[in-house]
Amino acid sequence: MHVVKKGQFELYIPPWLYADRHLNPRAAIAYTDSLNNSNFIIYREFIPDTEDDSITITTAEYATYASQAVLRTLQNAEIRQTDTTQFHGHEAITMRFTGQFDTLDIWYCLTVVRTEEYFFQLVGYTLKQYADTKGAQMYDAMRSFYPYI
């Protein structure tokens, strides 16, 4: 694994993933192993200022919102596991999914991390047959995520 530092965060990225800015223009970072249908992406979104309206968006609510995109994208999608934890003092929720995209069986992992200013979505997906190898390494990369803010 090698360290990637990007403004507000750093993490370890498996050496078989390569930076690809064109994978998703909205992404803070995007890495791919296109030969093995594996991608790792981080999105960063400001937490809206809703204090004047007495509205608070919780990590769980944002994770539910983010997971809906996965459930809409994959066919026969199932949430296999959900964990709530802390990433370096920040609340985090990780969900693992399986499903199909076109004719491919997919393993998908989504972690939402809340900081004071941002929600981060850490996304990793690969072929289901690689869940225990490439998927596990992407999960380890997510666990290494360290926000500076």
# chains A, B, ... in the order shown; residues from 1 in each chain; ligands from 1
>>> residues_around(residues="region 114-118 of chain A", least_positions_apart="2", cutoff="9 Å", atoms="only C-alpha atoms", output="ChimeraX atom specification")
/A:44-48,58-59,90-92,112,120,147,149
>>> residues_around(residues="Met95 (chain A)", least_positions_apart="2", cutoff="12 Å", atoms="only C-alpha atoms", output="JSON list (two decimals) with N, CA and C atoms, in the first residue's frame")
[["chain", "number", "residue", "atom", "x", "y", "z"],
["A", 60, "ALA", "N", -26.13, 8.45, 10.13],
["A", 60, "ALA", "CA", -27.01, 7.35, 9.72],
["A", 60, "ALA", "C", -27.95, 7.79, 8.59],
["A", 63, "ALA", "N", -25.87, 8.11, 5.44],
["A", 63, "ALA", "CA", -25.50, 6.77, 4.95],
["A", 63, "ALA", "C", -26.68, 6.11, 4.25],
["A", 64, "THR", "N", -27.87, 6.28, 4.79],
["A", 64, "THR", "CA", -29.07, 5.74, 4.14],
["A", 64, "THR", "C", -29.26, 6.38, 2.77],
["A", 66, "ALA", "N", -26.91, 7.76, 0.88],
["A", 66, "ALA", "CA", -25.85, 7.29, -0.02],
["A", 66, "ALA", "C", -26.08, 5.84, -0.46],
["A", 67, "SER", "N", -26.60, 5.02, 0.43],
["A", 67, "SER", "CA", -26.83, 3.61, 0.09],
["A", 67, "SER", "C", -27.94, 3.45, -0.95],
["A", 68, "GLN", "N", -28.87, 4.40, -1.00],
["A", 68, "GLN", "CA", -29.95, 4.31, -1.99],
["A", 68, "GLN", "C", -29.41, 4.33, -3.42],
["A", 70, "VAL", "N", -26.59, 3.06, -4.39],
["A", 70, "VAL", "CA", -26.07, 1.72, -4.64],
["A", 70, "VAL", "C", -27.21, 0.76, -4.94],
["A", 71, "LEU", "N", -28.25, 0.83, -4.13],
["A", 71, "LEU", "CA", -29.39, -0.07, -4.32],
["A", 71, "LEU", "C", -30.09, 0.17, -5.65],
["A", 78, "GLU", "N", -28.30, -6.48, -2.25],
["A", 78, "GLU", "CA", -28.56, -6.81, -0.84],
["A", 78, "GLU", "C", -27.50, -6.17, 0.03],
["A", 79, "ILE", "N", -27.92, -5.56, 1.13],
["A", 79, "ILE", "CA", -26.97, -5.09, 2.13],
["A", 79, "ILE", "C", -26.60, -6.31, 2.96],
["A", 80, "ARG", "N", -25.34, -6.69, 2.92],
["A", 80, "ARG", "CA", -24.86, -7.90, 3.60],
["A", 80, "ARG", "C", -24.42, -7.64, 5.03],
["A", 81, "GLN", "N", -23.91, -6.43, 5.27],
["A", 81, "GLN", "CA", -23.39, -6.13, 6.60],
["A", 81, "GLN", "C", -23.34, -4.62, 6.77],
["A", 82, "THR", "N", -23.67, -4.16, 7.98],
["A", 82, "THR", "CA", -23.57, -2.74, 8.32],
["A", 82, "THR", "C", -22.85, -2.63, 9.66],
["A", 83, "ASP", "N", -21.84, -1.77, 9.71],
["A", 83, "ASP", "CA", -21.07, -1.55, 10.94],
["A", 83, "ASP", "C", -21.01, -0.06, 11.23],
["A", 84, "THR", "N", -21.18, 0.30, 12.49],
["A", 84, "THR", "CA", -20.99, 1.67, 12.94],
["A", 84, "THR", "C", -19.73, 1.68, 13.79],
["A", 85, "THR", "N", -18.84, 2.63, 13.52],
["A", 85, "THR", "CA", -17.56, 2.66, 14.21],
["A", 85, "THR", "C", -17.03, 4.09, 14.24],
["A", 92, "ALA", "N", -18.40, 6.83, 11.75],
["A", 92, "ALA", "CA", -18.39, 6.22, 10.42],
["A", 92, "ALA", "C", -19.37, 5.05, 10.38],
["A", 93, "ILE", "N", -19.98, 4.86, 9.22],
["A", 93, "ILE", "CA", -20.86, 3.73, 8.98],
["A", 93, "ILE", "C", -20.40, 3.05, 7.70],
["A", 97, "PHE", "N", -22.38, -4.57, 0.24],
["A", 97, "PHE", "CA", -23.47, -4.99, -0.63],
["A", 97, "PHE", "C", -22.99, -6.07, -1.58],
["A", 98, "THR", "N", -23.92, -6.85, -2.08],
["A", 98, "THR", "CA", -23.68, -7.68, -3.26],
["A", 98, "THR", "C", -24.84, -7.43, -4.22],
["A", 107, "TRP", "N", -19.27, -7.07, -5.66],
["A", 107, "TRP", "CA", -19.12, -6.79, -4.23],
["A", 107, "TRP", "C", -18.89, -5.29, -4.12],
["A", 108, "TYR", "N", -19.59, -4.63, -3.21],
["A", 108, "TYR", "CA", -19.57, -3.18, -3.11],
["A", 108, "TYR", "C", -19.46, -2.80, -1.64],
["A", 109, "CYS", "N", -18.59, -1.87, -1.32],
["A", 109, "CYS", "CA", -18.45, -1.41, 0.05],
["A", 109, "CYS", "C", -18.55, 0.10, 0.06],
["A", 110, "LEU", "N", -19.37, 0.62, 0.96],
["A", 110, "LEU", "CA", -19.58, 2.06, 1.11],
["A", 110, "LEU", "C", -19.34, 2.42, 2.58],
["A", 111, "THR", "N", -18.45, 3.38, 2.80],
["A", 111, "THR", "CA", -18.25, 3.91, 4.14],
["A", 111, "THR", "C", -18.53, 5.40, 4.12],
["A", 112, "VAL", "N", -19.34, 5.85, 5.06],
["A", 112, "VAL", "CA", -19.63, 7.28, 5.24],
["A", 112, "VAL", "C", -18.94, 7.73, 6.51],
["A", 113, "VAL", "N", -18.15, 8.80, 6.39],
["A", 113, "VAL", "CA", -17.45, 9.38, 7.54],
["A", 113, "VAL", "C", -17.91, 10.83, 7.67],
["A", 121, "GLN", "N", -17.79, 10.02, 1.41],
["A", 121, "GLN", "CA", -18.22, 8.70, 0.98],
["A", 121, "GLN", "C", -17.00, 7.98, 0.42],
["A", 122, "LEU", "N", -16.63, 6.89, 1.03],
["A", 122, "LEU", "CA", -15.54, 6.05, 0.55],
["A", 122, "LEU", "C", -16.18, 4.85, -0.11],
["A", 123, "VAL", "N", -15.91, 4.66, -1.38],
["A", 123, "VAL", "CA", -16.59, 3.65, -2.18],
["A", 123, "VAL", "C", -15.56, 2.72, -2.80],
["A", 124, "GLY", "N", -15.77, 1.43, -2.62],
["A", 124, "GLY", "CA", -14.92, 0.44, -3.28],
["A", 124, "GLY", "C", -15.79, -0.66, -3.85],
["A", 125, "TYR", "N", -15.52, -1.05, -5.07],
["A", 125, "TYR", "CA", -16.27, -2.17, -5.64],
["A", 125, "TYR", "C", -15.41, -2.96, -6.59],
["A", 139, "TYR", "N", -11.27, -2.41, 1.66],
["A", 139, "TYR", "CA", -11.81, -2.15, 2.99],
["A", 139, "TYR", "C", -10.70, -1.68, 3.92],
["A", 142, "MET", "N", -10.07, 1.88, 3.28],
["A", 142, "MET", "CA", -11.09, 2.71, 3.92],
["A", 142, "MET", "C", -10.78, 2.89, 5.40]]
>>> select_by_dssp(residues="chain A", states="helix (DSSP H, G or I)", output="JSON, numbers by chain")
{"A": [34, 35, 36, 51, 52, 53, 59, 60, 61, 62, 63, 64, 65, 66, 67, 68, 69, 70, 71, 72, 73, 128, 129, 130, 131, 132, 133, 134, 135, 136, 137, 138, 139, 140, 141, 142, 143]}
>>> write_last_selection(atoms="N, CA and C atoms", output="mmCIF file, in the first residue's frame")
data_model
loop_
_atom_site.group_PDB
_atom_site.id
_atom_site.type_symbol
_atom_site.label_atom_id
_atom_site.label_comp_id
_atom_site.auth_asym_id
_atom_site.auth_seq_id
_atom_site.Cartn_x
_atom_site.Cartn_y
_atom_site.Cartn_z
ATOM 1 N N SER A 34 -8.921 -1.339 -14.004
ATOM 2 C CA SER A 34 -9.964 -1.618 -14.992
ATOM 3 C C SER A 34 -9.900 -3.043 -15.526
ATOM 4 N N LEU A 35 -8.737 -3.662 -15.508
ATOM 5 C CA LEU A 35 -8.629 -5.044 -15.986
ATOM 6 C C LEU A 35 -9.410 -6.012 -15.106
ATOM 7 N N ASN A 36 -9.547 -5.660 -13.833
ATOM 8 C CA ASN A 36 -10.251 -6.526 -12.892
ATOM 9 C C ASN A 36 -11.556 -5.912 -12.400
ATOM 10 N N GLU A 51 -28.597 24.720 10.921
ATOM 11 C CA GLU A 51 -28.848 24.987 12.346
ATOM 12 C C GLU A 51 -29.981 25.989 12.554
ATOM 13 N N ASP A 52 -30.079 26.990 11.669
ATOM 14 C CA ASP A 52 -31.146 27.991 11.816
ATOM 15 C C ASP A 52 -32.523 27.356 11.709
ATOM 16 N N ASP A 53 -32.621 26.255 10.984
ATOM 17 C CA ASP A 53 -33.897 25.557 10.827
ATOM 18 C C ASP A 53 -34.054 24.412 11.824
ATOM 19 N N THR A 59 -25.205 11.020 10.628
ATOM 20 C CA THR A 59 -24.397 10.112 9.807
ATOM 21 C C THR A 59 -25.265 8.972 9.297
ATOM 22 N N ALA A 60 -26.131 8.450 10.131
ATOM 23 C CA ALA A 60 -27.012 7.353 9.721
ATOM 24 C C ALA A 60 -27.946 7.786 8.595
ATOM 25 N N GLU A 61 -28.504 9.000 8.691
ATOM 26 C CA GLU A 61 -29.389 9.488 7.625
ATOM 27 C C GLU A 61 -28.630 9.673 6.312
ATOM 28 N N TYR A 62 -27.426 10.220 6.403
ATOM 29 C CA TYR A 62 -26.636 10.419 5.190
ATOM 30 C C TYR A 62 -26.214 9.075 4.592
ATOM 31 N N ALA A 63 -25.872 8.113 5.443
ATOM 32 C CA ALA A 63 -25.497 6.774 4.952
ATOM 33 C C ALA A 63 -26.675 6.107 4.254
ATOM 34 N N THR A 64 -27.873 6.278 4.791
ATOM 35 C CA THR A 64 -29.073 5.737 4.136
ATOM 36 C C THR A 64 -29.256 6.381 2.768
ATOM 37 N N TYR A 65 -29.104 7.708 2.720
ATOM 38 C CA TYR A 65 -29.196 8.434 1.448
ATOM 39 C C TYR A 65 -28.164 7.900 0.447
ATOM 40 N N ALA A 66 -26.906 7.758 0.877
ATOM 41 C CA ALA A 66 -25.846 7.286 -0.018
ATOM 42 C C ALA A 66 -26.085 5.842 -0.463
ATOM 43 N N SER A 67 -26.604 5.021 0.431
ATOM 44 C CA SER A 67 -26.832 3.611 0.090
ATOM 45 C C SER A 67 -27.942 3.452 -0.947
ATOM 46 N N GLN A 68 -28.872 4.401 -1.000
ATOM 47 C CA GLN A 68 -29.951 4.312 -1.990
ATOM 48 C C GLN A 68 -29.408 4.331 -3.416
ATOM 49 N N ALA A 69 -28.349 5.090 -3.653
ATOM 50 C CA ALA A 69 -27.734 5.118 -4.988
ATOM 51 C C ALA A 69 -27.180 3.746 -5.356
ATOM 52 N N VAL A 70 -26.588 3.064 -4.387
ATOM 53 C CA VAL A 70 -26.066 1.718 -4.639
ATOM 54 C C VAL A 70 -27.215 0.764 -4.944
ATOM 55 N N LEU A 71 -28.245 0.828 -4.131
ATOM 56 C CA LEU A 71 -29.386 -0.069 -4.316
ATOM 57 C C LEU A 71 -30.093 0.168 -5.647
ATOM 58 N N ARG A 72 -30.076 1.408 -6.132
ATOM 59 C CA ARG A 72 -30.670 1.702 -7.449
ATOM 60 C C ARG A 72 -29.767 1.257 -8.594
ATOM 61 N N THR A 73 -28.458 1.250 -8.379
ATOM 62 C CA THR A 73 -27.504 0.923 -9.440
ATOM 63 C C THR A 73 -27.368 -0.579 -9.652
ATOM 64 N N LYS A 128 -17.411 -9.901 -7.418
ATOM 65 C CA LYS A 128 -17.690 -10.644 -6.188
ATOM 66 C C LYS A 128 -16.627 -11.717 -5.930
ATOM 67 N N GLN A 129 -16.087 -12.298 -6.981
ATOM 68 C CA GLN A 129 -15.065 -13.342 -6.812
ATOM 69 C C GLN A 129 -13.780 -12.795 -6.169
ATOM 70 N N TYR A 130 -13.597 -11.466 -6.187
ATOM 71 C CA TYR A 130 -12.417 -10.850 -5.575
ATOM 72 C C TYR A 130 -12.723 -10.220 -4.212
ATOM 73 N N ALA A 131 -13.896 -10.470 -3.671
ATOM 74 C CA ALA A 131 -14.289 -9.833 -2.403
ATOM 75 C C ALA A 131 -13.292 -10.109 -1.286
ATOM 76 N N ASP A 132 -12.765 -11.325 -1.203
ATOM 77 C CA ASP A 132 -11.856 -11.684 -0.112
ATOM 78 C C ASP A 132 -10.432 -11.214 -0.334
ATOM 79 N N THR A 133 -10.107 -10.768 -1.537
ATOM 80 C CA THR A 133 -8.744 -10.303 -1.829
ATOM 81 C C THR A 133 -8.762 -8.799 -2.103
ATOM 82 N N LYS A 134 -9.150 -8.405 -3.289
ATOM 83 C CA LYS A 134 -9.178 -6.982 -3.640
ATOM 84 C C LYS A 134 -10.188 -6.226 -2.775
ATOM 85 N N GLY A 135 -11.339 -6.818 -2.516
ATOM 86 C CA GLY A 135 -12.337 -6.183 -1.661
ATOM 87 C C GLY A 135 -11.805 -5.951 -0.262
ATOM 88 N N ALA A 136 -11.121 -6.951 0.290
ATOM 89 C CA ALA A 136 -10.549 -6.815 1.638
ATOM 90 C C ALA A 136 -9.491 -5.716 1.671
ATOM 91 N N GLN A 137 -8.702 -5.605 0.624
ATOM 92 C CA GLN A 137 -7.679 -4.551 0.580
ATOM 93 C C GLN A 137 -8.317 -3.165 0.439
ATOM 94 N N MET A 138 -9.403 -3.067 -0.298
ATOM 95 C CA MET A 138 -10.094 -1.779 -0.392
ATOM 96 C C MET A 138 -10.724 -1.418 0.951
ATOM 97 N N TYR A 139 -11.267 -2.415 1.656
ATOM 98 C CA TYR A 139 -11.812 -2.155 2.985
ATOM 99 C C TYR A 139 -10.701 -1.676 3.924
ATOM 100 N N ASP A 140 -9.525 -2.299 3.847
ATOM 101 C CA ASP A 140 -8.388 -1.849 4.656
ATOM 102 C C ASP A 140 -8.012 -0.408 4.313
ATOM 103 N N ALA A 141 -8.075 -0.059 3.021
ATOM 104 C CA ALA A 141 -7.790 1.320 2.606
ATOM 105 C C ALA A 141 -8.800 2.273 3.251
ATOM 106 N N MET A 142 -10.067 1.875 3.276
ATOM 107 C CA MET A 142 -11.087 2.706 3.920
ATOM 108 C C MET A 142 -10.780 2.889 5.401
ATOM 109 N N ARG A 143 -10.387 1.816 6.049
ATOM 110 C CA ARG A 143 -10.094 1.873 7.490
ATOM 111 C C ARG A 143 -8.887 2.771 7.786
#
>>> residues_around(residues="region 6-23 of chain A", least_positions_apart="5", cutoff="6 Å", atoms="only C-alpha atoms", output="VMD selection string")
chain A and resid 1 30 to 33 141 144 to 148
>>> write_last_selection(atoms="C-alpha atoms", output="short mmCIF file (atom, residue, chain, number, x, y, z; two decimals), in the first residue's frame")
data_model
loop_
_atom_site.label_atom_id
_atom_site.label_comp_id
_atom_site.auth_asym_id
_atom_site.auth_seq_id
_atom_site.Cartn_x
_atom_site.Cartn_y
_atom_site.Cartn_z
CA MET A 1 0.00 0.00 0.00
CA ALA A 30 -10.58 8.01 -7.95
CA TYR A 31 -8.47 4.89 -8.47
CA THR A 32 -9.06 1.94 -10.77
CA ASP A 33 -7.89 -1.47 -11.83
CA ALA A 141 -7.79 1.32 2.61
CA SER A 144 -6.83 3.81 6.99
CA PHE A 145 -8.76 6.99 6.03
CA TYR A 146 -7.57 9.87 8.19
CA PRO A 147 -9.37 13.22 7.84
CA TYR A 148 -7.42 16.31 8.92
#
